[in-house]
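Engineer: One file: entry.cif (mmCIF, C-alpha atoms).
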```cif
data_model
#
loop_
_atom_site.label_atom_id
_atom_site.label_comp_id
_atom_site.auth_asym_id
_atom_site.auth_seq_id
_atom_site.Cartn_x
_atom_site.Cartn_y
_atom_site.Cartn_z
CA MET A 1 6.14 -9.87 13.59
CA THR A 2 7.17 -6.24 13.88
CA GLY A 3 5.61 -3.17 15.40
CA ARG A 4 6.14 0.57 15.17
CA ARG A 5 6.91 2.91 18.03
CA TYR A 6 8.04 6.52 18.42
CA TYR A 7 11.10 7.51 20.45
CA ILE A 8 13.17 10.59 21.19
CA THR A 9 16.92 9.94 21.26
CA THR A 10 20.18 11.22 19.78
CA LEU A 11 21.56 10.52 16.34
CA ALA A 12 24.49 8.60 17.86
CA ASP A 13 22.19 6.36 19.90
CA TRP A 14 19.98 5.74 16.86
CA ARG A 15 23.07 4.77 14.84
CA HIS A 16 24.15 2.39 17.62
CA HIS A 17 20.87 0.43 17.38
CA ALA A 18 19.80 1.03 13.75
CA HIS A 19 21.15 -2.28 12.45
CA ARG A 20 18.52 -4.04 14.60
CA PHE A 21 15.55 -2.17 13.10
CA THR A 22 13.44 -3.50 10.25
CA ASN A 23 12.98 0.11 9.21
CA SER A 24 13.15 3.56 10.76
CA HIS A 25 12.59 7.20 9.89
CA TRP A 26 13.77 10.17 11.91
CA LEU A 27 13.67 13.95 12.03
CA ALA A 28 16.14 16.30 13.73
CA LEU A 29 14.51 18.26 16.52
CA ASN A 30 16.78 21.30 16.33
CA ASN A 31 18.23 22.66 13.11
CA GLY A 32 20.88 24.40 15.21
CA ASP A 33 22.57 21.00 15.51
CA ILE A 34 23.47 21.09 11.81
CA ALA A 35 26.97 22.30 10.94
CA ASN A 36 28.50 22.09 7.47
CA ARG A 37 25.43 20.17 6.26
CA GLU A 38 26.10 17.43 8.80
CA LEU A 39 24.09 16.62 11.86
CA ALA A 40 26.07 16.35 15.09
CA ALA A 41 26.06 12.93 16.76
CA THR A 42 24.57 14.55 19.85
CA ALA A 43 21.63 15.99 17.89
CA ARG A 44 18.26 15.00 19.33
CA ILE A 45 15.88 13.28 16.94
CA VAL A 46 12.37 11.89 16.95
CA VAL A 47 12.39 8.46 15.36
CA LEU A 48 9.72 5.99 14.24
CA VAL A 49 11.16 2.51 14.70
CA ASP A 50 9.71 -0.56 13.00
CA ALA A 51 11.19 -3.60 14.74
CA ASP A 52 10.33 -6.82 16.52
CA GLU A 53 9.21 -6.88 20.14
CA GLY A 54 12.65 -7.81 21.45
CA VAL A 55 14.19 -4.68 19.96
CA HIS A 56 11.44 -2.48 21.43
CA LEU A 57 11.96 -4.08 24.85
CA ALA A 58 15.70 -3.37 24.59
CA LEU A 59 15.03 0.26 23.65
CA ASP A 60 12.65 0.57 26.61
CA ASP A 61 15.53 -0.47 28.86
CA ASP A 62 17.96 1.99 27.23
CA ALA A 63 17.92 5.34 29.06
CA ALA A 64 18.99 7.09 25.84
CA PHE A 65 15.60 6.34 24.26
CA GLU A 66 12.43 8.03 25.53
CA ALA A 67 9.51 5.95 24.33
CA LEU A 68 6.39 7.93 23.50
CA PRO A 69 2.95 6.46 24.35
CA HIS A 70 1.15 4.44 21.67
CA PRO A 71 -0.13 6.85 19.00
CA PHE A 72 -3.76 5.81 19.49
CA ALA A 73 -3.66 5.93 23.30
CA PRO A 74 -5.37 8.97 24.83
CA LYS A 75 -2.28 9.76 26.90
CA ALA A 76 -0.28 12.98 26.69
CA ILE A 77 3.42 12.88 25.89
CA SER A 78 5.84 13.83 28.66
CA HIS A 79 6.78 17.43 29.37
CA ALA A 80 10.34 16.69 28.19
CA ALA A 81 9.02 15.25 24.91
CA HIS A 82 6.78 18.27 24.43
CA GLU A 83 9.72 20.64 24.94
CA ALA A 84 11.82 18.67 22.45
CA LEU A 85 9.03 18.69 19.84
CA ALA A 86 7.69 22.23 20.41
CA ALA A 87 9.71 23.66 17.50
CA HIS A 88 7.64 21.44 15.20
CA GLY A 89 4.35 22.83 16.48
CA VAL A 90 3.59 20.28 19.20
CA THR A 91 1.44 21.89 21.90
CA PRO A 92 1.31 21.14 25.65
CA GLY A 93 -0.90 18.16 26.44
CA ALA A 94 -0.46 16.69 22.95
CA THR A 95 -0.75 12.95 22.45
CA THR A 96 1.74 10.94 20.41
CA PHE A 97 -0.77 11.01 17.53
CA ASP A 98 -0.88 14.83 17.69
CA ALA A 99 2.93 15.01 17.85
CA ALA A 100 3.36 12.57 14.95
CA GLU A 101 0.92 14.55 12.81
CA ALA A 102 2.87 17.74 13.59
CA VAL A 103 6.30 16.31 12.70
CA ALA A 104 4.81 14.62 9.62
CA ARG A 105 4.48 18.09 8.09
CA ALA A 106 8.28 18.06 7.84
CA HIS A 107 8.71 14.30 7.24
CA PRO A 108 5.54 12.59 5.88
CA LEU A 109 6.80 9.07 6.64
CA LEU A 110 6.51 9.84 10.36
CA ARG A 111 2.70 10.06 10.05
CA PRO A 112 0.97 7.35 12.11
CA ARG A 113 -0.47 4.50 10.07
CA VAL A 114 -2.52 1.49 10.99
CA PHE A 115 -1.11 -0.78 8.27
#
```
Go ahead and express the file in the form of structure tokens.
Structural biologist:
Amino acid sequence: MTGRRYYITTLADWRHHAHRFTNSHWLALNNGDIANRELAATARIVVLVDADEGVHLALDDDAAFEALPHPFAPKAISHAAHEALAAHGVTPGATTFDAAEAVARAHPLLRPRVF
């Protein structure tokens, strides 16, 4: 059984773990990281990872991945996550659901879903 979870990481760290994901979708957090139509490996991204519990536990232990709270939990994202997502319209005190809805304007597959 798999589950979905949101993280903030770098493109290089996503690539390092991507083979373990059932599915994933990501969005660059800063267009300034794009040069010659390529995204730098150090570019920060927000990623929705669909994977089994073991993969999520491994990502929780990896300092390169900041896990966001469950989208339906009434808990605000961290200050660091807010700063990373602010360019996409995420406001201070936003929950993961609020942040996901904001970034979904640029990438609709990042919208939270129950199914």
Engineer: Under the PyMOL selection byres ((chain A and resi 59) around 12), which residues of this model are included? Write them out as a VMD selection string.
Structural biologist: chain A and resid 5 to 9 13 to 14 16 to 18 20 to 21 47 49 to 58 60 to 68
Engineer: Spell out the residues picked by the PyMOL selection byres ((chain A and resi 72-80) around 10) here, as a list in words.
Structural biologist: Ile8, Glu66, Ala67, Leu68, Pro69, His70, Pro71, Ala81, His82, Glu83, Ala84, Leu85, Ala86, Val90, Pro92, Gly93, Ala94, Thr95, Thr96, Phe97, Asp98, Ala99, Pro112 and Val114 of chain A
Engineer: One decimal, in Å: what's the spacing between CA of Leu11 in chain A and CA of Ala43 in chain A?
Structural biologist: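 Spanning CA of Leu11 in chain A to CA of Ala43 in chain A is a straight-line distance of 5.7 Å.
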Engineer: Draw an axis-aligned box over all listed atoms of range 11-23 of chain A, pad each side with 6 Å, and write its centre and edge lengths in Å, one decimal, as AutoDock Vina command-line options.
Structural biologist:
```
--center_x 18.7 --center_y 3.2 --center_z 14.6 --size_x 23.5 --size_y 26.6 --size_z 22.7
```
Engineer: At a cut-off of 10 Å, using all atoms listed in the file, what residues contact Arg113 in chain A? Leave out same-chain residues fewer than 2 positions from it and give the result as a list in words.
Structural biologist: Arg4, Pro71, Phe97, Leu109, Leu110, Arg111 and Phe115 of chain A
Engineer: Name the residues, using the chain letters and numbers of the file, that sit within 7 Å of (28.6, 11.1, 18.8) when counting only C-alpha atoms, and give them as a ChimeraX atom specification.
Structural biologist: /A:12,40-42
Engineer: Using CA of Ala87 in chain A and CA of Ser24 in chain A as the two end points, give the distance in Å to one decimal.
Structural biologist: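 A separation of 21.5 Å between them.
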Engineer: In Å, rounded to a single decimal, give me how far CA of Thr10 in chain A is from CA of Thr91 in chain A.
Structural biologist: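 Interatomic distance here is 21.7 Å.
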Engineer: Would you list the residues near (13.7, 15.3, 15.5) (no more than 7 Å away, in the coordinates of the file, using all atoms listed in the file) as a ChimeraX atom specification?
Structural biologist: /A:26-30,44-47
